[in-house]
Amino acid sequence: MYAPMSVTSHATKFAAPRTDAAGRIALIGLTLPEMTAVMEGHGLPKFRAKQVWHWIYNRGVTDFEAMGNLPKDMRALLTEKYSVERPTLVTEQRSTDGTIKWLLAMADGQQIEVVFIPETDRGTLCISSQVGCTLTCRFCHTGTQPLVRNLGPHEILQQIMYARDVLGEWPKVNEKADQHKGRDVTNIVLMGMGEPLYNYDNVAKAMKICMDEEGLGISKRRITLSTSGVVPQIIQCGEELNVNLAISLHAPNDELRGEIMPINNKYPLKELLNAVRNYPGLSTVRRVTFEYVMLKDINDSDDHARELIRLLRDIPCKVNLIPFNPWPNSPYECSDRTRITMFASLLENAEIDAPVRKTRGQDILAACGQLKSESVRQKTQQQ
Ligand code: SAH
Ligand code: SF4
């Protein structure tokens with residue numbers, strides 16, 4: 001039987017490097033007490049850590065030399081031992097619909113994708129949690145690529161900070177935070193490459209800094225974590241982070257879900273939905289999102305819709321119907337438009353909101369389930 005390894009052994013085996021090629025430690029991703037301990041280790045007083053923290057998270061500074069209120073010798077010492085830099089840009093693609101996809105290289109050369117989706121009332125940044133994925137959902141292209149490694153807390157945060165750099169979101173020196181233009185990145189979704197709950201510790205550390213008012217200041221109500229259903233970490237995430245939850249459901253019964261999402265054999269629907277029901281703070285105003293990819297003749301019949309309604313009846317939720325995005329040699333096709341509309345109206349008639357997700361950035365392969373594919377293909381072509 002399929003048995004994904006435990007999250008703990010996973011964390012060790014696929015650990016992210018914390019140092020760059022020059023052996024410098026990333027300061028981004030350390031908690032304030034950790035950063036204070038680092039400074040104290042060099043004989044520096046506590047308030048220096050606060051200053052550095054402010055430069056990093058409130059001003060977006062990527063060079064210790066620009067931290068004007070630090071003594072010169074201290075800046076030199078920090079530059080030698082630590083880094084506050086960003087990943088490097090490999091490619092940027094802009095879709096005709098305004099979506100931007102960045103392929104970024106980490107300090108060790110591993111690459112991940114980040115997608116910015118502007119809408120009229122918000123700007124959503126879709127970030128990655130792992131390079132590749134250990135899970136093998138059959139409809140997902142990321143799932144055909146073996147997990148290379150977890151991303152560290154710094155690498156998760158750097159994706160958001162990178163987007164702020166490009167979109168010009170950091171307040172200028174002498175400009176008060178409240179004088180600054182509105183933010184472009186208002187919402188974060190952990191829906192890029194990887195299974196965030198298989199990298200829970202690093203994701204949690206990064207999200208705590210992201211939510212911290214003194215950190216990146218993005219509230220938990222504007223962060224959504226999407227998971228294929230790693231039950232123990234859903235519970236932990238509810239207790240510790242309580243960000244919005246999205247569940248990749250994709251099938252209304254164990255038999256079908258087990259076939260297309262092997263993780264269902266470890267955490268079947270009953271357990272999964274119990275964890276969801278008990279997720280703290282769920283209410284009709286704060287609902288869980290179920291993602292449901294529309295696969296032609298696989299999970300899209302009227303009977304499937306009725307089964308889904310019975311399954312979700314007592315959970316405050318909405319069902320996001322995602323038209324299947326094909327990738328080279330994918331084993332499925334997307335359901336027809338009329339089928340999707342029919343499926344949606346059955347759910348709506350049962351008073352379950354069922355918006356059809358607009359496909360964004362498809363011309364640049366930035367849509368759900370397509371991430372990483374193009375970059376792998378390009379690499380193969382270069383070889
Ligand atoms: N690993 C997490 C986060 C990825 S989120 C998870 O599975 O939830 C990406 C979303 O896109 C998930 O709901 C995933 O199931 C969905 N998806 C994957 N492949 C897809 C495809 N080819 N077309 C449309 N959606 C897809
Ligand atoms: Fe991994 Fe999510 Fe893709 Fe499944 S859908 S293979 S969990 S990224």
# chains A, B, ... in the order shown; residues from 1 in each chain; ligands from 1
$ residues_near_ligand --ligand "ligand 2" --cutoff "9 Å" --atoms "only C-alpha atoms and all ligand atoms" --output "count of residues only"
32
$ residues_around --residues "Lys205 (chain A)" --least-positions-apart "6" --cutoff "12 Å" --atoms "only C-alpha atoms" --output "MDAnalysis selection string"
chainID A and resid 28:32 34 151:157 196 199 211:212 215 237 240:241
$ closest_residue --among "A:Arg222, A:Arg339, A:Arg94, A:Lys81" --to "Gly23 (chain A)" --atoms "only C-alpha atoms"
A:Lys81
$ closest_residue --among "A:Ser129, A:Val114, A:Asn265, A:Val148" --to "ligand 1" --atoms "only C-alpha atoms and all ligand atoms"
A:Ser129
$ residues_around --residues "region 297-303 of chain A" --least-positions-apart "2" --cutoff "10 Å" --atoms "only C-alpha atoms" --output "mmCIF file with all heavy atoms, in the first residue's frame"
data_model
loop_
_atom_site.group_PDB
_atom_site.id
_atom_site.type_symbol
_atom_site.label_atom_id
_atom_site.label_comp_id
_atom_site.auth_asym_id
_atom_site.auth_seq_id
_atom_site.Cartn_x
_atom_site.Cartn_y
_atom_site.Cartn_z
ATOM 1 N N HIS A 250 -11.211 16.953 -4.975
ATOM 2 C CA HIS A 250 -11.168 16.367 -6.315
ATOM 3 C C HIS A 250 -11.987 15.095 -6.548
ATOM 4 O O HIS A 250 -12.066 14.613 -7.682
ATOM 5 C CB HIS A 250 -9.732 16.127 -6.783
ATOM 6 C CG HIS A 250 -8.863 17.355 -6.700
ATOM 7 N ND1 HIS A 250 -9.288 18.593 -7.099
ATOM 8 C CD2 HIS A 250 -7.591 17.530 -6.256
ATOM 9 C CE1 HIS A 250 -8.311 19.479 -6.910
ATOM 10 N NE2 HIS A 250 -7.279 18.869 -6.388
ATOM 11 N N ALA A 251 -12.550 14.508 -5.485
ATOM 12 C CA ALA A 251 -13.399 13.325 -5.687
ATOM 13 C C ALA A 251 -14.333 13.203 -4.493
ATOM 14 O O ALA A 251 -13.960 13.576 -3.376
ATOM 15 C CB ALA A 251 -12.550 12.064 -5.821
ATOM 16 N N PRO A 252 -15.552 12.675 -4.698
ATOM 17 C CA PRO A 252 -16.507 12.627 -3.598
ATOM 18 C C PRO A 252 -16.525 11.298 -2.834
ATOM 19 O O PRO A 252 -17.343 11.121 -1.945
ATOM 20 C CB PRO A 252 -17.847 12.830 -4.324
ATOM 21 C CG PRO A 252 -17.631 12.237 -5.670
ATOM 22 C CD PRO A 252 -16.172 12.325 -5.988
ATOM 23 N N ASN A 253 -15.664 10.351 -3.193
ATOM 24 C CA ASN A 253 -15.633 9.092 -2.424
ATOM 25 C C ASN A 253 -14.199 8.549 -2.363
ATOM 26 O O ASN A 253 -13.339 8.934 -3.164
ATOM 27 C CB ASN A 253 -16.596 8.055 -3.018
ATOM 28 C CG ASN A 253 -16.243 7.740 -4.464
ATOM 29 O OD1 ASN A 253 -15.124 7.322 -4.772
ATOM 30 N ND2 ASN A 253 -17.191 7.956 -5.374
ATOM 31 N N LEU A 256 -12.564 6.635 -5.649
ATOM 32 C CA LEU A 256 -12.058 7.481 -6.731
ATOM 33 C C LEU A 256 -10.912 8.373 -6.247
ATOM 34 O O LEU A 256 -9.894 8.538 -6.918
ATOM 35 C CB LEU A 256 -13.206 8.336 -7.286
ATOM 36 C CG LEU A 256 -12.840 9.280 -8.431
ATOM 37 C CD1 LEU A 256 -12.201 8.520 -9.595
ATOM 38 C CD2 LEU A 256 -14.073 10.048 -8.909
ATOM 39 N N ARG A 257 -11.066 8.910 -5.035
ATOM 40 C CA ARG A 257 -10.016 9.813 -4.541
ATOM 41 C C ARG A 257 -8.702 9.052 -4.353
ATOM 42 O O ARG A 257 -7.625 9.540 -4.675
ATOM 43 C CB ARG A 257 -10.465 10.482 -3.231
ATOM 44 C CG ARG A 257 -9.553 11.648 -2.833
ATOM 45 C CD ARG A 257 -10.175 12.554 -1.786
ATOM 46 N NE ARG A 257 -9.386 13.759 -1.592
ATOM 47 C CZ ARG A 257 -8.393 13.890 -0.715
ATOM 48 N NH1 ARG A 257 -8.080 12.884 0.080
ATOM 49 N NH2 ARG A 257 -7.716 15.024 -0.636
ATOM 50 N N ILE A 260 -6.949 8.731 -7.747
ATOM 51 C CA ILE A 260 -6.296 9.894 -8.358
ATOM 52 C C ILE A 260 -5.389 10.647 -7.392
ATOM 53 O O ILE A 260 -4.521 11.399 -7.817
ATOM 54 C CB ILE A 260 -7.323 10.860 -9.029
ATOM 55 C CG1 ILE A 260 -8.291 11.456 -8.022
ATOM 56 C CG2 ILE A 260 -8.080 10.156 -10.151
ATOM 57 C CD1 ILE A 260 -9.254 12.485 -8.637
ATOM 58 N N TYR A 292 -11.782 21.387 -6.554
ATOM 59 C CA TYR A 292 -12.294 20.209 -7.263
ATOM 60 C C TYR A 292 -11.952 20.380 -8.738
ATOM 61 O O TYR A 292 -12.521 21.234 -9.421
ATOM 62 C CB TYR A 292 -13.806 20.109 -7.028
ATOM 63 C CG TYR A 292 -14.408 18.758 -7.353
ATOM 64 C CD1 TYR A 292 -14.657 17.822 -6.351
ATOM 65 C CD2 TYR A 292 -14.741 18.432 -8.670
ATOM 66 C CE1 TYR A 292 -15.228 16.589 -6.648
ATOM 67 C CE2 TYR A 292 -15.306 17.193 -8.967
ATOM 68 C CZ TYR A 292 -15.553 16.283 -7.956
ATOM 69 O OH TYR A 292 -16.115 15.063 -8.244
ATOM 70 N N VAL A 293 -10.973 19.625 -9.188
ATOM 71 C CA VAL A 293 -10.529 19.756 -10.574
ATOM 72 C C VAL A 293 -11.482 18.970 -11.486
ATOM 73 O O VAL A 293 -11.851 17.834 -11.180
ATOM 74 C CB VAL A 293 -9.051 19.286 -10.721
ATOM 75 C CG1 VAL A 293 -8.874 17.816 -10.395
ATOM 76 C CG2 VAL A 293 -8.506 19.590 -12.106
ATOM 77 N N MET A 294 -11.935 19.596 -12.556
ATOM 78 C CA MET A 294 -12.952 18.967 -13.399
ATOM 79 C C MET A 294 -12.308 18.071 -14.457
ATOM 80 O O MET A 294 -11.718 18.555 -15.432
ATOM 81 C CB MET A 294 -13.807 20.043 -14.067
ATOM 82 C CG MET A 294 -14.590 20.921 -13.090
ATOM 83 S SD MET A 294 -15.709 20.008 -11.990
ATOM 84 C CE MET A 294 -16.914 19.355 -13.129
ATOM 85 N N LEU A 295 -12.420 16.762 -14.235
ATOM 86 C CA LEU A 295 -11.799 15.779 -15.125
ATOM 87 C C LEU A 295 -12.890 15.071 -15.922
ATOM 88 O O LEU A 295 -13.774 14.411 -15.329
ATOM 89 C CB LEU A 295 -11.015 14.744 -14.305
ATOM 90 C CG LEU A 295 -9.931 15.290 -13.357
ATOM 91 C CD1 LEU A 295 -9.383 14.168 -12.470
ATOM 92 C CD2 LEU A 295 -8.800 15.932 -14.157
ATOM 93 N N ALA A 305 -21.726 14.921 -8.347
ATOM 94 C CA ALA A 305 -22.135 16.185 -7.710
ATOM 95 C C ALA A 305 -23.046 15.898 -6.518
ATOM 96 O O ALA A 305 -22.871 16.470 -5.439
ATOM 97 C CB ALA A 305 -22.839 17.078 -8.730
ATOM 98 N N ARG A 306 -23.977 14.966 -6.697
ATOM 99 C CA ARG A 306 -24.901 14.653 -5.589
ATOM 100 C C ARG A 306 -24.157 14.039 -4.404
ATOM 101 O O ARG A 306 -24.426 14.338 -3.247
ATOM 102 C CB ARG A 306 -25.991 13.693 -6.077
ATOM 103 C CG ARG A 306 -26.941 14.384 -7.035
ATOM 104 C CD ARG A 306 -28.180 13.557 -7.339
ATOM 105 N NE ARG A 306 -28.782 14.083 -8.539
ATOM 106 C CZ ARG A 306 -28.671 13.557 -9.763
ATOM 107 N NH1 ARG A 306 -28.019 12.406 -9.945
ATOM 108 N NH2 ARG A 306 -29.235 14.125 -10.807
ATOM 109 N N GLU A 307 -23.194 13.176 -4.729
ATOM 110 C CA GLU A 307 -22.393 12.548 -3.672
ATOM 111 C C GLU A 307 -21.593 13.621 -2.913
ATOM 112 O O GLU A 307 -21.463 13.576 -1.684
ATOM 113 C CB GLU A 307 -21.428 11.548 -4.343
ATOM 114 C CG GLU A 307 -21.168 10.311 -3.529
ATOM 115 C CD GLU A 307 -20.274 9.323 -4.271
ATOM 116 O OE1 GLU A 307 -20.029 9.470 -5.495
ATOM 117 O OE2 GLU A 307 -19.795 8.394 -3.598
ATOM 118 N N LEU A 308 -21.102 14.574 -3.671
ATOM 119 C CA LEU A 308 -20.318 15.662 -3.082
ATOM 120 C C LEU A 308 -21.188 16.499 -2.143
ATOM 121 O O LEU A 308 -20.770 16.875 -1.043
ATOM 122 C CB LEU A 308 -19.769 16.527 -4.229
ATOM 123 C CG LEU A 308 -18.694 17.551 -3.908
ATOM 124 C CD1 LEU A 308 -17.467 16.889 -3.300
ATOM 125 C CD2 LEU A 308 -18.288 18.308 -5.184
ATOM 126 N N ILE A 309 -22.399 16.749 -2.575
ATOM 127 C CA ILE A 309 -23.326 17.544 -1.745
ATOM 128 C C ILE A 309 -23.572 16.826 -0.414
ATOM 129 O O ILE A 309 -23.517 17.432 0.650
ATOM 130 C CB ILE A 309 -24.657 17.781 -2.501
ATOM 131 C CG1 ILE A 309 -24.409 18.697 -3.704
ATOM 132 C CG2 ILE A 309 -25.728 18.359 -1.580
ATOM 133 C CD1 ILE A 309 -25.527 18.699 -4.738
ATOM 134 N N TYR A 332 -5.607 12.933 -18.506
ATOM 135 C CA TYR A 332 -7.000 13.367 -18.441
ATOM 136 C C TYR A 332 -7.276 14.508 -19.407
ATOM 137 O O TYR A 332 -6.370 15.160 -19.898
ATOM 138 C CB TYR A 332 -7.328 13.859 -17.022
ATOM 139 C CG TYR A 332 -7.082 12.836 -15.956
ATOM 140 C CD1 TYR A 332 -6.080 13.032 -15.004
ATOM 141 C CD2 TYR A 332 -7.839 11.677 -15.892
ATOM 142 C CE1 TYR A 332 -5.849 12.088 -14.016
ATOM 143 C CE2 TYR A 332 -7.609 10.720 -14.902
ATOM 144 C CZ TYR A 332 -6.606 10.939 -13.973
ATOM 145 O OH TYR A 332 -6.385 10.007 -13.004
ATOM 146 N N GLU A 333 -8.585 14.737 -19.581
ATOM 147 C CA GLU A 333 -9.014 15.913 -20.338
ATOM 148 C C GLU A 333 -9.906 16.752 -19.431
ATOM 149 O O GLU A 333 -10.482 16.221 -18.469
ATOM 150 C CB GLU A 333 -9.896 15.475 -21.513
ATOM 151 C CG GLU A 333 -9.132 15.013 -22.732
ATOM 152 C CD GLU A 333 -10.127 14.502 -23.772
ATOM 153 O OE1 GLU A 333 -10.975 15.287 -24.227
ATOM 154 O OE2 GLU A 333 -10.070 13.294 -24.078
ATOM 155 N N CYS A 334 -10.056 18.008 -19.792
ATOM 156 C CA CYS A 334 -10.937 18.873 -18.997
ATOM 157 C C CYS A 334 -12.400 18.597 -19.378
ATOM 158 O O CYS A 334 -12.706 18.369 -20.547
ATOM 159 C CB CYS A 334 -10.591 20.330 -19.271
ATOM 160 S SG CYS A 334 -11.580 21.454 -18.270
ATOM 161 N N SER A 335 -13.277 18.619 -18.385
ATOM 162 C CA SER A 335 -14.711 18.464 -18.662
ATOM 163 C C SER A 335 -15.171 19.580 -19.594
ATOM 164 O O SER A 335 -14.611 20.675 -19.589
ATOM 165 C CB SER A 335 -15.501 18.585 -17.362
ATOM 166 O OG SER A 335 -14.919 17.798 -16.361
ATOM 167 N N ASP A 336 -16.234 19.287 -20.354
ATOM 168 C CA ASP A 336 -16.776 20.325 -21.239
ATOM 169 C C ASP A 336 -17.361 21.459 -20.413
ATOM 170 O O ASP A 336 -17.818 21.253 -19.292
ATOM 171 C CB ASP A 336 -17.909 19.750 -22.105
ATOM 172 C CG ASP A 336 -17.394 18.626 -22.972
ATOM 173 O OD1 ASP A 336 -16.188 18.629 -23.279
ATOM 174 O OD2 ASP A 336 -18.210 17.725 -23.304
ATOM 175 N N ARG A 339 -20.781 20.808 -19.061
ATOM 176 C CA ARG A 339 -20.753 19.859 -17.928
ATOM 177 C C ARG A 339 -20.368 20.590 -16.639
ATOM 178 O O ARG A 339 -20.963 20.405 -15.577
ATOM 179 C CB ARG A 339 -19.738 18.745 -18.258
ATOM 180 C CG ARG A 339 -19.606 17.648 -17.259
ATOM 181 C CD ARG A 339 -20.607 16.481 -17.396
ATOM 182 N NE ARG A 339 -22.004 16.776 -17.309
ATOM 183 C CZ ARG A 339 -22.736 16.714 -16.179
ATOM 184 N NH1 ARG A 339 -22.204 16.394 -15.036
ATOM 185 N NH2 ARG A 339 -24.016 16.961 -16.200
ATOM 186 N N ILE A 340 -19.375 21.464 -16.757
ATOM 187 C CA ILE A 340 -18.921 22.206 -15.571
ATOM 188 C C ILE A 340 -20.068 23.089 -15.058
ATOM 189 O O ILE A 340 -20.342 23.136 -13.861
ATOM 190 C CB ILE A 340 -17.665 23.065 -15.887
ATOM 191 C CG1 ILE A 340 -16.504 22.168 -16.326
ATOM 192 C CG2 ILE A 340 -17.261 23.901 -14.669
ATOM 193 C CD1 ILE A 340 -15.215 22.898 -16.684
ATOM 194 N N MET A 342 -23.256 22.640 -15.447
ATOM 195 C CA MET A 342 -24.282 21.766 -14.871
ATOM 196 C C MET A 342 -23.886 21.320 -13.459
ATOM 197 O O MET A 342 -24.688 21.352 -12.521
ATOM 198 C CB MET A 342 -24.434 20.545 -15.794
ATOM 199 C CG MET A 342 -25.543 19.641 -15.430
ATOM 200 S SD MET A 342 -27.074 20.605 -15.403
ATOM 201 C CE MET A 342 -28.228 19.319 -15.334
ATOM 202 N N PHE A 343 -22.636 20.902 -13.328
ATOM 203 C CA PHE A 343 -22.102 20.437 -12.046
ATOM 204 C C PHE A 343 -22.217 21.568 -11.012
ATOM 205 O O PHE A 343 -22.694 21.372 -9.894
ATOM 206 C CB PHE A 343 -20.628 20.043 -12.239
ATOM 207 C CG PHE A 343 -20.047 19.167 -11.169
ATOM 208 C CD1 PHE A 343 -20.084 17.778 -11.286
ATOM 209 C CD2 PHE A 343 -19.435 19.714 -10.050
ATOM 210 C CE1 PHE A 343 -19.522 16.963 -10.309
ATOM 211 C CE2 PHE A 343 -18.873 18.914 -9.065
ATOM 212 C CZ PHE A 343 -18.918 17.533 -9.195
ATOM 213 N N ALA A 344 -21.815 22.776 -11.451
ATOM 214 C CA ALA A 344 -21.864 23.936 -10.558
ATOM 215 C C ALA A 344 -23.299 24.222 -10.132
ATOM 216 O O ALA A 344 -23.573 24.492 -8.955
ATOM 217 C CB ALA A 344 -21.259 25.158 -11.248
ATOM 218 N N LEU A 346 -25.832 22.207 -9.856
ATOM 219 C CA LEU A 346 -26.335 21.229 -8.876
ATOM 220 C C LEU A 346 -25.876 21.616 -7.470
ATOM 221 O O LEU A 346 -26.648 21.577 -6.511
ATOM 222 C CB LEU A 346 -25.844 19.815 -9.226
ATOM 223 C CG LEU A 346 -26.553 19.130 -10.403
ATOM 224 C CD1 LEU A 346 -25.832 17.850 -10.792
ATOM 225 C CD2 LEU A 346 -28.017 18.826 -10.045
ATOM 226 N N LEU A 347 -24.611 22.006 -7.364
ATOM 227 C CA LEU A 347 -24.091 22.401 -6.050
ATOM 228 C C LEU A 347 -24.784 23.677 -5.560
ATOM 229 O O LEU A 347 -25.202 23.771 -4.410
ATOM 230 C CB LEU A 347 -22.577 22.627 -6.103
ATOM 231 C CG LEU A 347 -21.704 21.395 -6.395
ATOM 232 C CD1 LEU A 347 -20.241 21.791 -6.507
ATOM 233 C CD2 LEU A 347 -21.844 20.353 -5.311
#
$ residues_around --residues "region 66-70 of chain A" --least-positions-apart "3" --cutoff "8 Å" --atoms "only C-alpha atoms" --output "list in words"
Arg48, Gln51, Val52, Trp55, Val61, Thr62, Asp63, Met74 and Arg75 of chain A
$ write_last_selection --atoms "N, CA, C and O atoms" --output "short mmCIF file (atom, residue, chain, number, x, y, z; two decimals), in the first residue's frame"
data_model
loop_
_atom_site.label_atom_id
_atom_site.label_comp_id
_atom_site.auth_asym_id
_atom_site.auth_seq_id
_atom_site.Cartn_x
_atom_site.Cartn_y
_atom_site.Cartn_z
N ARG A 48 20.15 46.16 18.39
CA ARG A 48 20.67 46.06 17.02
C ARG A 48 19.85 45.07 16.19
O ARG A 48 19.61 45.27 15.01
N GLN A 51 16.82 46.66 14.92
CA GLN A 51 17.09 47.57 13.79
C GLN A 51 17.23 46.76 12.49
O GLN A 51 16.67 47.11 11.46
N VAL A 52 18.00 45.67 12.59
CA VAL A 52 18.21 44.85 11.39
C VAL A 52 16.86 44.29 10.92
O VAL A 52 16.54 44.31 9.73
N TRP A 55 14.93 46.89 9.04
CA TRP A 55 15.46 47.09 7.68
C TRP A 55 15.01 45.97 6.75
O TRP A 55 14.64 46.20 5.60
N VAL A 61 15.38 46.05 2.64
CA VAL A 61 16.79 46.23 2.29
C VAL A 61 17.47 44.88 2.05
O VAL A 61 17.23 43.91 2.76
N THR A 62 18.29 44.82 1.00
CA THR A 62 18.92 43.54 0.65
C THR A 62 20.44 43.60 0.81
O THR A 62 21.16 42.73 0.34
N ASP A 63 20.91 44.65 1.46
CA ASP A 63 22.35 44.85 1.59
C ASP A 63 22.60 45.50 2.95
O ASP A 63 22.03 46.55 3.25
N MET A 74 30.20 47.06 12.03
CA MET A 74 29.18 46.05 12.22
C MET A 74 28.58 45.64 10.88
O MET A 74 28.32 44.46 10.62
N ARG A 75 28.39 46.61 9.99
CA ARG A 75 27.86 46.29 8.66
C ARG A 75 28.81 45.35 7.93
O ARG A 75 28.39 44.39 7.29
#
$ select_by_dssp --residues "region 154-317 of chain A" --states "helix (DSSP H, G or I)" --output "PyMOL selection string"
chain A and resi 154-166+177-179+196-211+220-222+231-240+254-260+262-265+269-277+302-312
$ closest_residue --among "A:Ile218, A:Ile364, A:Ile234, A:Val189" --to "ligand 1" --atoms "only C-alpha atoms and all ligand atoms"
A:Val189
$ residues_around --residues "region 355-358 of chain A" --least-positions-apart "4" --cutoff "7 Å" --atoms "only C-alpha atoms" --output "list in words"
Val319, Asn320, Leu321 and Ile322 of chain A
$ residues_around --residues "Thr284 (chain A)" --least-positions-apart "6" --cutoff "10 Å" --atoms "only C-alpha atoms" --output "PDB file with N, CA, C and O atoms, in the first residue's frame"
ATOM      1  N   ILE A 315     -20.627  21.165   6.390  1.00  0.00           N
ATOM      2  CA  ILE A 315     -19.377  21.918   6.555  1.00  0.00           C
ATOM      3  C   ILE A 315     -19.533  23.307   5.924  1.00  0.00           C
ATOM      4  O   ILE A 315     -19.943  23.404   4.763  1.00  0.00           O
ATOM      5  N   PRO A 316     -19.205  24.390   6.672  1.00  0.00           N
ATOM      6  CA  PRO A 316     -19.265  25.718   6.048  1.00  0.00           C
ATOM      7  C   PRO A 316     -18.172  25.825   4.983  1.00  0.00           C
ATOM      8  O   PRO A 316     -16.990  25.903   5.309  1.00  0.00           O
ATOM      9  N   CYS A 317     -18.580  25.760   3.733  1.00  0.00           N
ATOM     10  CA  CYS A 317     -17.555  25.652   2.698  1.00  0.00           C
ATOM     11  C   CYS A 317     -18.010  26.258   1.384  1.00  0.00           C
ATOM     12  O   CYS A 317     -19.184  26.579   1.197  1.00  0.00           O
ATOM     13  N   LYS A 318     -17.055  26.436   0.498  1.00  0.00           N
ATOM     14  CA  LYS A 318     -17.400  26.639  -0.902  1.00  0.00           C
ATOM     15  C   LYS A 318     -16.568  25.655  -1.717  1.00  0.00           C
ATOM     16  O   LYS A 318     -15.517  25.191  -1.251  1.00  0.00           O
TER      17      LYS A 318
END
$ decode --residues "region 212-225 of chain A" --atoms "N, CA, C and O atoms" --output "PDB file, in the first residue's frame"
ATOM      1  N   ASP A 212       3.170  38.576  11.203  1.00  0.00           N
ATOM      2  CA  ASP A 212       3.593  39.495  12.261  1.00  0.00           C
ATOM      3  C   ASP A 212       3.446  40.946  11.773  1.00  0.00           C
ATOM      4  O   ASP A 212       3.960  41.305  10.713  1.00  0.00           O
ATOM      5  N   GLU A 213       2.760  41.763  12.572  1.00  0.00           N
ATOM      6  CA  GLU A 213       2.596  43.188  12.237  1.00  0.00           C
ATOM      7  C   GLU A 213       3.938  43.868  11.998  1.00  0.00           C
ATOM      8  O   GLU A 213       4.062  44.758  11.164  1.00  0.00           O
ATOM      9  N   GLU A 214       4.928  43.454  12.791  1.00  0.00           N
ATOM     10  CA  GLU A 214       6.276  44.027  12.640  1.00  0.00           C
ATOM     11  C   GLU A 214       7.072  43.301  11.554  1.00  0.00           C
ATOM     12  O   GLU A 214       8.186  43.679  11.229  1.00  0.00           O
ATOM     13  N   GLY A 215       6.499  42.215  11.073  1.00  0.00           N
ATOM     14  CA  GLY A 215       7.163  41.477  10.002  1.00  0.00           C
ATOM     15  C   GLY A 215       6.588  41.947   8.671  1.00  0.00           C
ATOM     16  O   GLY A 215       6.519  43.142   8.404  1.00  0.00           O
ATOM     17  N   LEU A 216       6.085  41.018   7.841  1.00  0.00           N
ATOM     18  CA  LEU A 216       5.542  41.447   6.549  1.00  0.00           C
ATOM     19  C   LEU A 216       4.116  41.981   6.668  1.00  0.00           C
ATOM     20  O   LEU A 216       3.589  42.589   5.744  1.00  0.00           O
ATOM     21  N   GLY A 217       3.472  41.718   7.813  1.00  0.00           N
ATOM     22  CA  GLY A 217       2.182  42.360   8.092  1.00  0.00           C
ATOM     23  C   GLY A 217       1.033  41.940   7.188  1.00  0.00           C
ATOM     24  O   GLY A 217       0.198  42.757   6.828  1.00  0.00           O
ATOM     25  N   ILE A 218       0.995  40.681   6.802  1.00  0.00           N
ATOM     26  CA  ILE A 218      -0.147  40.200   5.999  1.00  0.00           C
ATOM     27  C   ILE A 218      -0.984  39.295   6.914  1.00  0.00           C
ATOM     28  O   ILE A 218      -0.483  38.285   7.395  1.00  0.00           O
ATOM     29  N   SER A 219      -2.230  39.668   7.146  1.00  0.00           N
ATOM     30  CA  SER A 219      -2.991  38.977   8.191  1.00  0.00           C
ATOM     31  C   SER A 219      -3.382  37.555   7.782  1.00  0.00           C
ATOM     32  O   SER A 219      -3.472  37.234   6.599  1.00  0.00           O
ATOM     33  N   LYS A 220      -3.639  36.735   8.787  1.00  0.00           N
ATOM     34  CA  LYS A 220      -3.960  35.321   8.522  1.00  0.00           C
ATOM     35  C   LYS A 220      -5.215  35.184   7.663  1.00  0.00           C
ATOM     36  O   LYS A 220      -5.395  34.183   6.986  1.00  0.00           O
ATOM     37  N   ARG A 221      -6.059  36.199   7.690  1.00  0.00           N
ATOM     38  CA  ARG A 221      -7.267  36.141   6.862  1.00  0.00           C
ATOM     39  C   ARG A 221      -6.980  36.348   5.387  1.00  0.00           C
ATOM     40  O   ARG A 221      -7.831  36.169   4.537  1.00  0.00           O
ATOM     41  N   ARG A 222      -5.772  36.796   5.104  1.00  0.00           N
ATOM     42  CA  ARG A 222      -5.390  37.006   3.705  1.00  0.00           C
ATOM     43  C   ARG A 222      -4.387  35.958   3.225  1.00  0.00           C
ATOM     44  O   ARG A 222      -3.749  36.116   2.180  1.00  0.00           O
ATOM     45  N   ILE A 223      -4.245  34.905   4.031  1.00  0.00           N
ATOM     46  CA  ILE A 223      -3.320  33.831   3.645  1.00  0.00           C
ATOM     47  C   ILE A 223      -4.134  32.544   3.525  1.00  0.00           C
ATOM     48  O   ILE A 223      -4.921  32.224   4.417  1.00  0.00           O
ATOM     49  N   THR A 224      -3.962  31.826   2.445  1.00  0.00           N
ATOM     50  CA  THR A 224      -4.661  30.548   2.278  1.00  0.00           C
ATOM     51  C   THR A 224      -3.656  29.444   2.008  1.00  0.00           C
ATOM     52  O   THR A 224      -2.802  29.573   1.127  1.00  0.00           O
ATOM     53  N   LEU A 225      -3.767  28.386   2.808  1.00  0.00           N
ATOM     54  CA  LEU A 225      -2.885  27.238   2.615  1.00  0.00           C
ATOM     55  C   LEU A 225      -3.688  26.120   1.974  1.00  0.00           C
ATOM     56  O   LEU A 225      -4.761  25.759   2.462  1.00  0.00           O
TER      57      LEU A 225
END
